[in-house]
>>> print(open('entry_17.txt').read())   # compact mmCIF, N, CA and C atoms and all ligand atoms
# COMPACT_ATOMS: atom_id res chain seq x y z
N MET A 1 326.44 -67.63 84.03
CA MET A 1 327.72 -67.65 83.32
C MET A 1 328.60 -68.75 83.89
N LYS A 2 329.21 -69.48 82.99
CA LYS A 2 330.09 -70.58 83.42
C LYS A 2 331.53 -70.25 83.09
N ARG A 3 332.43 -70.75 83.92
CA ARG A 3 333.85 -70.48 83.71
C ARG A 3 334.53 -71.75 83.20
N LEU A 4 335.53 -71.54 82.37
CA LEU A 4 336.28 -72.66 81.83
C LEU A 4 337.76 -72.34 81.95
N ALA A 5 338.54 -73.30 82.45
CA ALA A 5 339.99 -73.09 82.54
C ALA A 5 340.59 -73.19 81.14
N PRO A 6 341.68 -72.44 80.91
CA PRO A 6 342.28 -72.42 79.56
C PRO A 6 342.68 -73.81 79.05
N ALA A 7 343.02 -74.73 79.95
CA ALA A 7 343.50 -76.04 79.51
C ALA A 7 342.38 -77.02 79.18
N GLN A 8 341.15 -76.69 79.51
CA GLN A 8 340.04 -77.60 79.22
C GLN A 8 339.72 -77.60 77.73
N PRO A 9 339.15 -78.69 77.24
CA PRO A 9 338.84 -78.74 75.80
C PRO A 9 337.85 -77.65 75.43
N CYS A 10 338.01 -77.08 74.26
CA CYS A 10 337.11 -76.00 73.84
C CYS A 10 335.72 -76.56 73.55
N PRO A 11 334.67 -75.89 74.03
CA PRO A 11 333.30 -76.40 73.78
C PRO A 11 332.97 -76.56 72.31
N CYS A 12 333.58 -75.74 71.44
CA CYS A 12 333.22 -75.79 70.01
C CYS A 12 333.79 -77.02 69.32
N GLY A 13 334.68 -77.76 70.00
CA GLY A 13 335.25 -78.96 69.40
C GLY A 13 336.34 -78.66 68.38
N GLY A 14 336.90 -77.47 68.43
CA GLY A 14 337.95 -77.09 67.48
C GLY A 14 339.16 -78.00 67.59
N VAL A 15 339.75 -78.28 66.44
CA VAL A 15 340.94 -79.12 66.40
C VAL A 15 342.05 -78.37 65.68
N SER A 16 343.29 -78.75 66.00
CA SER A 16 344.42 -78.14 65.31
C SER A 16 344.43 -78.58 63.86
N ALA A 17 344.83 -77.68 63.00
CA ALA A 17 344.92 -78.01 61.57
C ALA A 17 346.02 -79.05 61.39
N SER A 18 345.70 -80.09 60.69
CA SER A 18 346.69 -81.12 60.43
C SER A 18 347.02 -81.13 58.94
N HIS A 19 348.29 -80.97 58.65
CA HIS A 19 348.68 -80.86 57.24
C HIS A 19 349.30 -82.14 56.70
N THR A 20 349.45 -83.12 57.54
CA THR A 20 349.98 -84.39 57.05
C THR A 20 348.98 -85.49 57.34
N ALA A 21 348.82 -86.36 56.39
CA ALA A 21 347.81 -87.41 56.50
C ALA A 21 348.09 -88.35 57.68
N SER A 22 349.36 -88.50 58.02
CA SER A 22 349.71 -89.47 59.06
C SER A 22 349.42 -88.92 60.46
N LYS A 23 349.32 -87.61 60.57
CA LYS A 23 349.14 -87.00 61.89
C LYS A 23 347.68 -86.64 62.09
N ALA A 24 347.06 -87.23 63.12
CA ALA A 24 345.67 -86.88 63.41
C ALA A 24 345.63 -85.48 64.02
N SER A 25 344.59 -84.74 63.69
CA SER A 25 344.45 -83.42 64.29
C SER A 25 344.09 -83.58 65.77
N LYS A 26 344.59 -82.63 66.57
CA LYS A 26 344.39 -82.73 68.01
C LYS A 26 343.34 -81.74 68.49
N PRO A 27 342.54 -82.14 69.50
CA PRO A 27 341.55 -81.19 70.03
C PRO A 27 342.27 -79.97 70.62
N LEU A 28 341.70 -78.81 70.40
CA LEU A 28 342.28 -77.59 70.94
C LEU A 28 341.71 -77.32 72.33
N SER A 29 342.55 -76.75 73.20
CA SER A 29 342.06 -76.31 74.51
C SER A 29 341.30 -75.01 74.33
N TYR A 30 340.51 -74.69 75.35
CA TYR A 30 339.75 -73.44 75.33
C TYR A 30 340.69 -72.24 75.15
N GLY A 31 341.83 -72.27 75.83
CA GLY A 31 342.77 -71.16 75.75
C GLY A 31 343.41 -71.01 74.38
N GLN A 32 343.47 -72.12 73.61
CA GLN A 32 344.04 -72.07 72.26
C GLN A 32 342.98 -71.77 71.22
N CYS A 33 341.72 -71.86 71.62
CA CYS A 33 340.63 -71.78 70.64
C CYS A 33 339.74 -70.59 70.99
N CYS A 34 338.50 -70.82 71.31
CA CYS A 34 337.56 -69.70 71.50
C CYS A 34 337.90 -68.82 72.69
N GLY A 35 338.63 -69.35 73.67
CA GLY A 35 339.03 -68.53 74.82
C GLY A 35 339.86 -67.33 74.41
N ARG A 36 340.53 -67.41 73.25
CA ARG A 36 341.32 -66.28 72.78
C ARG A 36 340.44 -65.05 72.56
N TRP A 37 339.19 -65.30 72.19
CA TRP A 37 338.28 -64.17 71.91
C TRP A 37 337.34 -63.93 73.08
N LEU A 38 336.86 -64.98 73.71
CA LEU A 38 335.91 -64.79 74.81
C LEU A 38 336.56 -64.15 76.03
N GLU A 39 337.84 -64.42 76.25
CA GLU A 39 338.50 -63.89 77.45
C GLU A 39 339.31 -62.64 77.12
N ALA A 40 339.21 -62.14 75.90
CA ALA A 40 339.98 -60.96 75.52
C ALA A 40 339.35 -59.69 76.09
N ASP A 41 340.11 -58.62 76.05
CA ASP A 41 339.61 -57.32 76.48
C ASP A 41 338.42 -56.92 75.59
N ALA A 42 337.31 -56.52 76.20
CA ALA A 42 336.09 -56.25 75.45
C ALA A 42 336.25 -55.08 74.49
N ILE A 43 337.15 -54.18 74.79
CA ILE A 43 337.31 -52.99 73.94
C ILE A 43 338.49 -53.13 72.98
N HIS A 44 339.58 -53.68 73.50
CA HIS A 44 340.81 -53.70 72.68
C HIS A 44 341.06 -55.04 72.00
N GLY A 45 340.31 -56.05 72.36
CA GLY A 45 340.48 -57.34 71.72
C GLY A 45 341.64 -58.12 72.32
N PRO A 46 342.20 -59.08 71.56
CA PRO A 46 341.94 -59.35 70.13
C PRO A 46 340.53 -59.91 69.86
N PHE A 47 340.06 -59.68 68.65
CA PHE A 47 338.74 -60.13 68.24
C PHE A 47 338.88 -61.27 67.24
N ALA A 48 337.82 -62.07 67.12
CA ALA A 48 337.82 -63.17 66.16
C ALA A 48 338.13 -62.61 64.77
N PRO A 49 339.15 -63.17 64.09
CA PRO A 49 339.62 -62.56 62.85
C PRO A 49 338.77 -62.83 61.62
N ASP A 50 337.84 -63.75 61.69
CA ASP A 50 336.93 -63.95 60.56
C ASP A 50 335.60 -64.52 61.08
N ALA A 51 334.64 -64.63 60.16
CA ALA A 51 333.30 -65.05 60.56
C ALA A 51 333.28 -66.48 61.07
N HIS A 52 334.17 -67.32 60.56
CA HIS A 52 334.22 -68.71 61.02
C HIS A 52 334.66 -68.78 62.49
N TYR A 53 335.72 -68.06 62.83
CA TYR A 53 336.16 -68.03 64.24
C TYR A 53 335.09 -67.40 65.12
N LEU A 54 334.43 -66.38 64.59
CA LEU A 54 333.39 -65.73 65.39
C LEU A 54 332.23 -66.68 65.64
N MET A 55 331.84 -67.42 64.61
CA MET A 55 330.75 -68.39 64.74
C MET A 55 331.07 -69.41 65.83
N ARG A 56 332.30 -69.95 65.78
CA ARG A 56 332.70 -70.95 66.77
C ARG A 56 332.65 -70.33 68.18
N SER A 57 333.15 -69.10 68.30
CA SER A 57 333.23 -68.48 69.62
C SER A 57 331.83 -68.16 70.15
N ARG A 58 330.90 -67.86 69.25
CA ARG A 58 329.54 -67.59 69.72
C ARG A 58 328.85 -68.89 70.17
N TYR A 59 329.17 -70.00 69.52
CA TYR A 59 328.67 -71.29 70.01
C TYR A 59 329.20 -71.53 71.44
N SER A 60 330.52 -71.34 71.62
CA SER A 60 331.10 -71.53 72.95
C SER A 60 330.48 -70.56 73.95
N ALA A 61 330.17 -69.34 73.52
CA ALA A 61 329.55 -68.36 74.41
C ALA A 61 328.16 -68.81 74.85
N PHE A 62 327.43 -69.48 73.94
CA PHE A 62 326.13 -70.04 74.34
C PHE A 62 326.33 -71.15 75.37
N VAL A 63 327.34 -72.00 75.13
CA VAL A 63 327.61 -73.10 76.07
C VAL A 63 327.95 -72.52 77.45
N LEU A 64 328.74 -71.46 77.46
CA LEU A 64 329.22 -70.87 78.72
C LEU A 64 328.29 -69.77 79.25
N GLU A 65 327.17 -69.55 78.55
CA GLU A 65 326.18 -68.55 78.95
C GLU A 65 326.81 -67.18 79.14
N ARG A 66 327.59 -66.80 78.13
CA ARG A 66 328.29 -65.52 78.17
C ARG A 66 327.48 -64.46 77.41
N GLU A 67 326.51 -63.91 78.12
CA GLU A 67 325.64 -62.91 77.50
C GLU A 67 326.44 -61.68 77.05
N ASP A 68 327.45 -61.29 77.82
CA ASP A 68 328.25 -60.12 77.47
C ASP A 68 328.89 -60.30 76.10
N TYR A 69 329.46 -61.47 75.88
CA TYR A 69 330.14 -61.72 74.60
C TYR A 69 329.14 -61.81 73.45
N LEU A 70 328.01 -62.46 73.70
CA LEU A 70 327.01 -62.60 72.64
C LEU A 70 326.47 -61.23 72.23
N ARG A 71 326.23 -60.37 73.21
CA ARG A 71 325.76 -59.03 72.89
C ARG A 71 326.82 -58.24 72.12
N ALA A 72 328.07 -58.35 72.55
CA ALA A 72 329.15 -57.58 71.94
C ALA A 72 329.41 -58.00 70.50
N THR A 73 329.04 -59.23 70.15
CA THR A 73 329.32 -59.74 68.81
C THR A 73 328.05 -59.81 67.96
N TRP A 74 326.99 -59.16 68.41
CA TRP A 74 325.72 -59.12 67.69
C TRP A 74 325.60 -57.72 67.08
N GLN A 75 325.38 -57.64 65.78
CA GLN A 75 325.26 -56.34 65.13
C GLN A 75 324.13 -55.56 65.81
N VAL A 76 324.38 -54.30 66.13
CA VAL A 76 323.50 -53.57 67.05
C VAL A 76 322.06 -53.50 66.55
N GLY A 77 321.85 -53.41 65.23
CA GLY A 77 320.50 -53.34 64.69
C GLY A 77 319.74 -54.65 64.77
N HIS A 78 320.44 -55.74 65.03
CA HIS A 78 319.82 -57.07 65.08
C HIS A 78 319.88 -57.70 66.47
N ARG A 79 320.51 -57.00 67.39
CA ARG A 79 320.74 -57.56 68.73
C ARG A 79 319.43 -57.60 69.50
N PRO A 80 319.09 -58.76 70.11
CA PRO A 80 317.86 -58.83 70.90
C PRO A 80 318.04 -58.08 72.23
N ALA A 81 316.94 -57.66 72.82
CA ALA A 81 316.99 -56.92 74.08
C ALA A 81 317.55 -57.79 75.19
N THR A 82 317.16 -59.05 75.20
CA THR A 82 317.69 -59.97 76.21
C THR A 82 318.03 -61.29 75.53
N ILE A 83 318.95 -62.01 76.12
CA ILE A 83 319.33 -63.32 75.60
C ILE A 83 318.98 -64.35 76.67
N GLU A 84 318.13 -65.28 76.29
CA GLU A 84 317.68 -66.30 77.24
C GLU A 84 318.53 -67.57 77.07
N PHE A 85 318.94 -68.12 78.18
CA PHE A 85 319.62 -69.42 78.16
C PHE A 85 318.67 -70.44 78.77
N ASP A 86 318.45 -71.53 78.04
CA ASP A 86 317.55 -72.55 78.56
C ASP A 86 318.24 -73.28 79.70
N PRO A 87 317.63 -73.26 80.90
CA PRO A 87 318.29 -73.92 82.03
C PRO A 87 318.34 -75.43 81.81
N GLY A 88 319.48 -76.00 82.11
CA GLY A 88 319.62 -77.46 82.03
C GLY A 88 319.91 -78.00 80.65
N VAL A 89 319.96 -77.12 79.65
CA VAL A 89 320.23 -77.62 78.31
C VAL A 89 321.69 -78.06 78.21
N LYS A 90 321.90 -79.15 77.51
CA LYS A 90 323.26 -79.68 77.36
C LYS A 90 323.64 -79.54 75.89
N TRP A 91 324.69 -78.79 75.63
CA TRP A 91 325.16 -78.63 74.25
C TRP A 91 326.03 -79.83 73.89
N LEU A 92 325.75 -80.43 72.75
CA LEU A 92 326.42 -81.69 72.39
C LEU A 92 327.52 -81.51 71.36
N GLY A 93 327.50 -80.42 70.62
CA GLY A 93 328.58 -80.23 69.66
C GLY A 93 328.21 -79.31 68.52
N LEU A 94 329.25 -78.89 67.82
CA LEU A 94 329.11 -77.98 66.70
C LEU A 94 329.80 -78.58 65.48
N GLU A 95 329.12 -78.50 64.35
CA GLU A 95 329.71 -78.94 63.09
C GLU A 95 329.56 -77.80 62.10
N VAL A 96 330.68 -77.23 61.66
CA VAL A 96 330.64 -76.16 60.67
C VAL A 96 330.66 -76.81 59.30
N ARG A 97 329.63 -76.52 58.49
CA ARG A 97 329.48 -77.18 57.19
C ARG A 97 330.03 -76.34 56.05
N ASP A 98 329.99 -75.02 56.22
CA ASP A 98 330.40 -74.15 55.12
C ASP A 98 330.79 -72.79 55.68
N PHE A 99 331.77 -72.18 55.04
CA PHE A 99 332.19 -70.84 55.41
C PHE A 99 332.59 -70.15 54.13
N ARG A 100 331.88 -69.05 53.78
CA ARG A 100 332.20 -68.38 52.53
C ARG A 100 332.11 -66.87 52.68
N SER A 101 333.00 -66.21 51.97
CA SER A 101 332.96 -64.77 51.88
C SER A 101 331.89 -64.42 50.85
N THR A 102 331.03 -63.45 51.18
CA THR A 102 329.97 -63.05 50.25
C THR A 102 330.15 -61.60 49.81
N GLY A 103 331.29 -61.00 50.16
CA GLY A 103 331.58 -59.63 49.79
C GLY A 103 332.81 -59.18 50.54
N ALA A 104 333.19 -57.91 50.36
CA ALA A 104 334.39 -57.40 51.01
C ALA A 104 334.25 -57.43 52.53
N ASP A 105 333.04 -57.21 53.02
CA ASP A 105 332.85 -57.17 54.48
C ASP A 105 331.61 -57.96 54.92
N THR A 106 331.30 -59.02 54.16
CA THR A 106 330.20 -59.90 54.56
C THR A 106 330.63 -61.35 54.36
N ALA A 107 330.08 -62.24 55.18
CA ALA A 107 330.41 -63.65 55.09
C ALA A 107 329.25 -64.47 55.64
N GLU A 108 329.24 -65.75 55.26
CA GLU A 108 328.20 -66.66 55.75
C GLU A 108 328.85 -67.93 56.29
N VAL A 109 328.23 -68.45 57.31
CA VAL A 109 328.68 -69.72 57.89
C VAL A 109 327.45 -70.61 58.07
N GLU A 110 327.55 -71.84 57.56
CA GLU A 110 326.47 -72.80 57.78
C GLU A 110 326.94 -73.81 58.80
N PHE A 111 326.11 -74.09 59.78
CA PHE A 111 326.52 -74.98 60.85
C PHE A 111 325.34 -75.81 61.33
N VAL A 112 325.68 -76.88 62.03
CA VAL A 112 324.70 -77.66 62.77
C VAL A 112 325.18 -77.73 64.20
N ALA A 113 324.36 -77.25 65.12
CA ALA A 113 324.65 -77.38 66.55
C ALA A 113 323.62 -78.34 67.14
N ARG A 114 324.09 -79.18 68.03
CA ARG A 114 323.17 -80.13 68.66
C ARG A 114 323.08 -79.84 70.15
N GLN A 115 321.88 -79.93 70.67
CA GLN A 115 321.68 -79.73 72.10
C GLN A 115 320.60 -80.67 72.60
N LYS A 116 320.66 -80.92 73.91
CA LYS A 116 319.67 -81.80 74.52
C LYS A 116 318.99 -81.04 75.66
N PRO A 117 317.71 -80.74 75.48
CA PRO A 117 316.98 -80.10 76.58
C PRO A 117 316.76 -81.11 77.69
N PRO A 118 316.61 -80.65 78.94
CA PRO A 118 316.41 -81.60 80.04
C PRO A 118 315.15 -82.41 79.81
N GLY A 119 315.26 -83.72 79.93
CA GLY A 119 314.10 -84.60 79.81
C GLY A 119 313.60 -84.82 78.39
N GLY A 120 314.28 -84.24 77.42
CA GLY A 120 313.82 -84.41 76.04
C GLY A 120 314.91 -84.99 75.17
N PRO A 121 314.55 -85.35 73.93
CA PRO A 121 315.55 -85.88 73.01
C PRO A 121 316.43 -84.76 72.46
N ALA A 122 317.59 -85.12 71.94
CA ALA A 122 318.51 -84.15 71.36
C ALA A 122 317.88 -83.51 70.13
N VAL A 123 318.14 -82.23 69.95
CA VAL A 123 317.64 -81.52 68.78
C VAL A 123 318.80 -80.89 68.03
N ARG A 124 318.59 -80.68 66.71
CA ARG A 124 319.61 -80.07 65.88
C ARG A 124 319.19 -78.66 65.52
N LEU A 125 320.13 -77.75 65.59
CA LEU A 125 319.91 -76.39 65.10
C LEU A 125 320.79 -76.23 63.87
N HIS A 126 320.13 -76.17 62.71
CA HIS A 126 320.84 -76.07 61.43
C HIS A 126 320.58 -74.67 60.89
N GLU A 127 321.64 -73.90 60.75
CA GLU A 127 321.46 -72.49 60.38
C GLU A 127 322.54 -72.05 59.42
N ARG A 128 322.13 -71.15 58.51
CA ARG A 128 323.11 -70.41 57.71
C ARG A 128 323.12 -69.00 58.26
N SER A 129 324.22 -68.62 58.90
CA SER A 129 324.33 -67.33 59.58
C SER A 129 325.01 -66.32 58.69
N ARG A 130 324.60 -65.08 58.81
CA ARG A 130 325.22 -63.99 58.07
C ARG A 130 326.01 -63.10 59.03
N PHE A 131 327.18 -62.68 58.59
CA PHE A 131 328.07 -61.86 59.41
C PHE A 131 328.52 -60.64 58.62
N VAL A 132 328.85 -59.60 59.34
CA VAL A 132 329.29 -58.36 58.72
C VAL A 132 330.52 -57.83 59.46
N LEU A 133 331.42 -57.25 58.71
CA LEU A 133 332.62 -56.64 59.30
C LEU A 133 332.36 -55.16 59.48
N GLU A 134 332.39 -54.72 60.75
CA GLU A 134 332.14 -53.30 61.06
C GLU A 134 333.22 -52.79 61.99
N GLY A 135 333.89 -51.74 61.58
CA GLY A 135 334.92 -51.15 62.44
C GLY A 135 336.01 -52.14 62.81
N GLY A 136 336.32 -53.05 61.90
CA GLY A 136 337.39 -54.02 62.14
C GLY A 136 336.96 -55.23 62.94
N ARG A 137 335.66 -55.33 63.25
CA ARG A 137 335.19 -56.49 64.02
C ARG A 137 334.09 -57.21 63.25
N TRP A 138 334.18 -58.55 63.24
CA TRP A 138 333.11 -59.35 62.67
C TRP A 138 331.97 -59.44 63.66
N LEU A 139 330.74 -59.28 63.14
CA LEU A 139 329.55 -59.29 63.98
C LEU A 139 328.50 -60.20 63.35
N TYR A 140 327.70 -60.82 64.20
CA TYR A 140 326.60 -61.66 63.75
C TYR A 140 325.42 -60.77 63.37
N LEU A 141 324.86 -61.03 62.18
CA LEU A 141 323.68 -60.28 61.74
C LEU A 141 322.42 -61.06 62.04
N ASP A 142 322.23 -62.16 61.31
CA ASP A 142 321.05 -63.00 61.50
C ASP A 142 321.29 -64.31 60.77
N GLY A 143 320.29 -65.17 60.78
CA GLY A 143 320.48 -66.47 60.15
C GLY A 143 319.19 -67.02 59.62
N THR A 144 319.33 -67.95 58.68
CA THR A 144 318.21 -68.69 58.14
C THR A 144 318.29 -70.10 58.68
N GLN A 145 317.22 -70.54 59.32
CA GLN A 145 317.24 -71.90 59.87
C GLN A 145 316.60 -72.85 58.89
N PHE A 146 317.15 -74.06 58.86
CA PHE A 146 316.65 -75.09 57.95
C PHE A 146 315.72 -76.04 58.68
ZN ZN A 201 336.58 -73.15 70.16
>>> encode(input="entry_17.txt", output="structure tokens", more="lines below")
Ligand SMILES: [Zn+2]
Amino acid sequence: MKRLAPAQPCPCGGVSASHTASKASKPLSYGQCCGRWLEADAIHGPFAPDAHYLMRSRYSAFVLEREDYLRATWQVGHRPATIEFDPGVKWLGLEVRDFRSTGADTAEVEFVARQKPPGGPAVRLHERSRFVLEGGRWLYLDGTQF
């Protein structure tokens, strides 16, 4: 497990929403972005308010090797017994391509995550993930990889 100070840039690459063309969006700090959910109380939250925020926070959780958070945000019927982190892997970034509601309590997020294994070339993980809202919390179900 790796620790990140709140002022450091968020691993997911989140930026502040910019509503004016003249103003460039600014990178968000971990404390302003995924840290809001990763460092929250495991029982009382706050929790990621939609599947898009949850997707970003789970990417950051992989970067920070936060097995506790990944397990807590994995729907119990789909949660693996153990979560393996590849030693030495370098996460290069996340690009969210699509986020859509597919029902009252289901949503999908399509993303591309890039990582570089030690000694190898960078690889892309392109997935359409499915999420479900259960008991007021968004949870990861599963995904289709491209
Ligand atoms: Zn983030």
>>> closest_atom_pairs(input="entry_17.txt", of="chain A", to="ligand ZN 201 (chain A)", cutoff="7 Å", atoms="all atoms listed in the file", output="CSV")
residue,atom,partner,partner_atom,distance
A:Cys10,CA,A:ZN201,ZN,4.7
A:Pro11,N,A:ZN201,ZN,5.1
A:Cys12,N,A:ZN201,ZN,4.2
A:Gly13,N,A:ZN201,ZN,5.0
A:Gly14,N,A:ZN201,ZN,4.7
A:Leu28,C,A:ZN201,ZN,7.0
A:Ser29,C,A:ZN201,ZN,6.6
A:Tyr30,CA,A:ZN201,ZN,6.1
A:Gln32,C,A:ZN201,ZN,6.6
A:Cys33,C,A:ZN201,ZN,4.2
A:Cys34,N,A:ZN201,ZN,3.2
A:Gly35,N,A:ZN201,ZN,5.6
A:Arg56,C,A:ZN201,ZN,5.2
A:Ser57,N,A:ZN201,ZN,5.6
A:Ser60,CA,A:ZN201,ZN,6.4
>>> closest_residue(input="entry_17.txt", among="A:Ala72, A:Ala113, A:Ala24, A:Ala107", to="Ala42 in chain A", atoms="all atoms listed in the file")
A:Ala72
>>> closest_atom_pairs(input="entry_17.txt", of="range 68-94 of chain A", to="range 133-143 of chain A", cutoff="6.5 Å", atoms="only N, CA and C atoms", output="tab-separated table")
residue	atom	partner	partner_atom	distance
A:Thr73	C	A:Tyr140	N	3.9
A:Trp74	CA	A:Tyr140	N	4.4
A:Gln75	N	A:Tyr140	C	4.0
A:His78	CA	A:Leu141	C	5.6
>>> write_last_selection(input="entry_17.txt", atoms="N, CA and C atoms", output="PDB file, in the coordinates of the input")
ATOM      1  N   THR A  73     329.040 -59.230  70.150  1.00  0.00           N
ATOM      2  CA  THR A  73     329.320 -59.740  68.810  1.00  0.00           C
ATOM      3  C   THR A  73     328.050 -59.810  67.960  1.00  0.00           C
ATOM      4  N   TRP A  74     326.990 -59.160  68.410  1.00  0.00           N
ATOM      5  CA  TRP A  74     325.720 -59.120  67.690  1.00  0.00           C
ATOM      6  C   TRP A  74     325.600 -57.720  67.080  1.00  0.00           C
ATOM      7  N   GLN A  75     325.380 -57.640  65.780  1.00  0.00           N
ATOM      8  CA  GLN A  75     325.260 -56.340  65.130  1.00  0.00           C
ATOM      9  C   GLN A  75     324.130 -55.560  65.810  1.00  0.00           C
ATOM     10  N   HIS A  78     320.440 -55.740  65.030  1.00  0.00           N
ATOM     11  CA  HIS A  78     319.820 -57.070  65.080  1.00  0.00           C
ATOM     12  C   HIS A  78     319.880 -57.700  66.470  1.00  0.00           C
TER      13      HIS A  78
END
>>> atom_distance(input="entry_17.txt", atom1="CA of Gly103 in chain A", atom2="CA of Ala40 in chain A")
27.1 Å
>>> closest_residue(input="entry_17.txt", among="A:Arg97, A:Lys90, A:Arg71, A:Lys2", to="Lys116 in chain A", atoms="only N, CA and C atoms")
A:Lys90
>>> residues_around(input="entry_17.txt", residues="Leu70 in chain A", least_positions_apart="4", cutoff="7 Å", atoms="only C-alpha atoms", output="list of chain:residue names")
A:Arg58, A:Ala61, A:Arg66, A:Trp74
>>> closest_residue(input="entry_17.txt", among="A:Ala51, A:Ala17, A:Val63, A:Ala7", to="Gly88 in chain A", atoms="only C-alpha atoms")
A:Val63
>>> axis_aligned_box(input="entry_17.txt", around="range 58-62 of chain A", padding_each_side="8 Å", output="AutoDock Vina command-line options")
--center_x 328.6 --center_y -69.6 --center_z 72.3 --size_x 21.0 --size_y 19.9 --size_z 22.1
>>> atom_distance(input="entry_17.txt", atom1="atom C of Gln145 in chain A", atom2="atom C of Val132 in chain A")
20.5 Å
>>> atom_distance(input="entry_17.txt", atom1="CA of Glu127 in chain A", atom2="atom C of Pro9 in chain A")
22.8 Å
>>> closest_residue(input="entry_17.txt", among="A:Gly119, A:Lys26, A:Ala81, A:Gly31", to="Gln8 in chain A", atoms="only C-alpha atoms")
A:Gly31
>>> residues_near_point(input="entry_17.txt", point="(320.5, -80.3, 75.4)", cutoff="6 Å", atoms="all atoms listed in the file", output="list of chain:residue names")
A:Gly88, A:Val89, A:Lys90, A:Trp91, A:Leu92, A:Arg114, A:Gln115, A:Lys116, A:Pro117, A:Pro118, A:Ala122
>>> select_by_dssp(input="entry_17.txt", residues="chain A", states="helix (DSSP H, G or I)", output="VMD selection string")
chain A and resid 30 to 32 35 to 38 51 to 63 67 to 72
>>> select_by_dssp(input="entry_17.txt", residues="range 10-136 of chain A", states="strand (DSSP E)", output="PyMOL selection string")
chain A and resi 90-103+106-116+123-134
>>> decode(input="entry_17.txt", residues="range 33-51 of chain A", atoms="C-alpha atoms", output="CSV table (one decimal), in the first residue's frame")
chain,number,residue,atom,x,y,z
A,33,CYS,CA,-10.2,14.2,-6.2
A,34,CYS,CA,-10.1,10.5,-5.4
A,35,GLY,CA,-8.7,11.0,-1.9
A,36,ARG,CA,-12.2,12.2,-0.9
A,37,TRP,CA,-13.3,8.6,-1.3
A,38,LEU,CA,-10.2,6.6,-0.7
A,39,GLU,CA,-9.4,8.3,2.6
A,40,ALA,CA,-13.1,8.4,3.8
A,41,ASP,CA,-14.5,6.4,6.6
A,42,ALA,CA,-15.0,2.8,5.3
A,43,ILE,CA,-18.5,2.6,6.9
A,44,HIS,CA,-19.9,6.1,6.9
A,45,GLY,CA,-18.2,7.5,3.8
A,46,PRO,CA,-18.6,9.8,2.0
A,47,PHE,CA,-18.7,7.4,-1.0
A,48,ALA,CA,-18.1,8.1,-4.6
A,49,PRO,CA,-21.4,9.7,-5.8
A,50,ASP,CA,-21.6,8.1,-9.2
A,51,ALA,CA,-20.0,5.3,-11.3
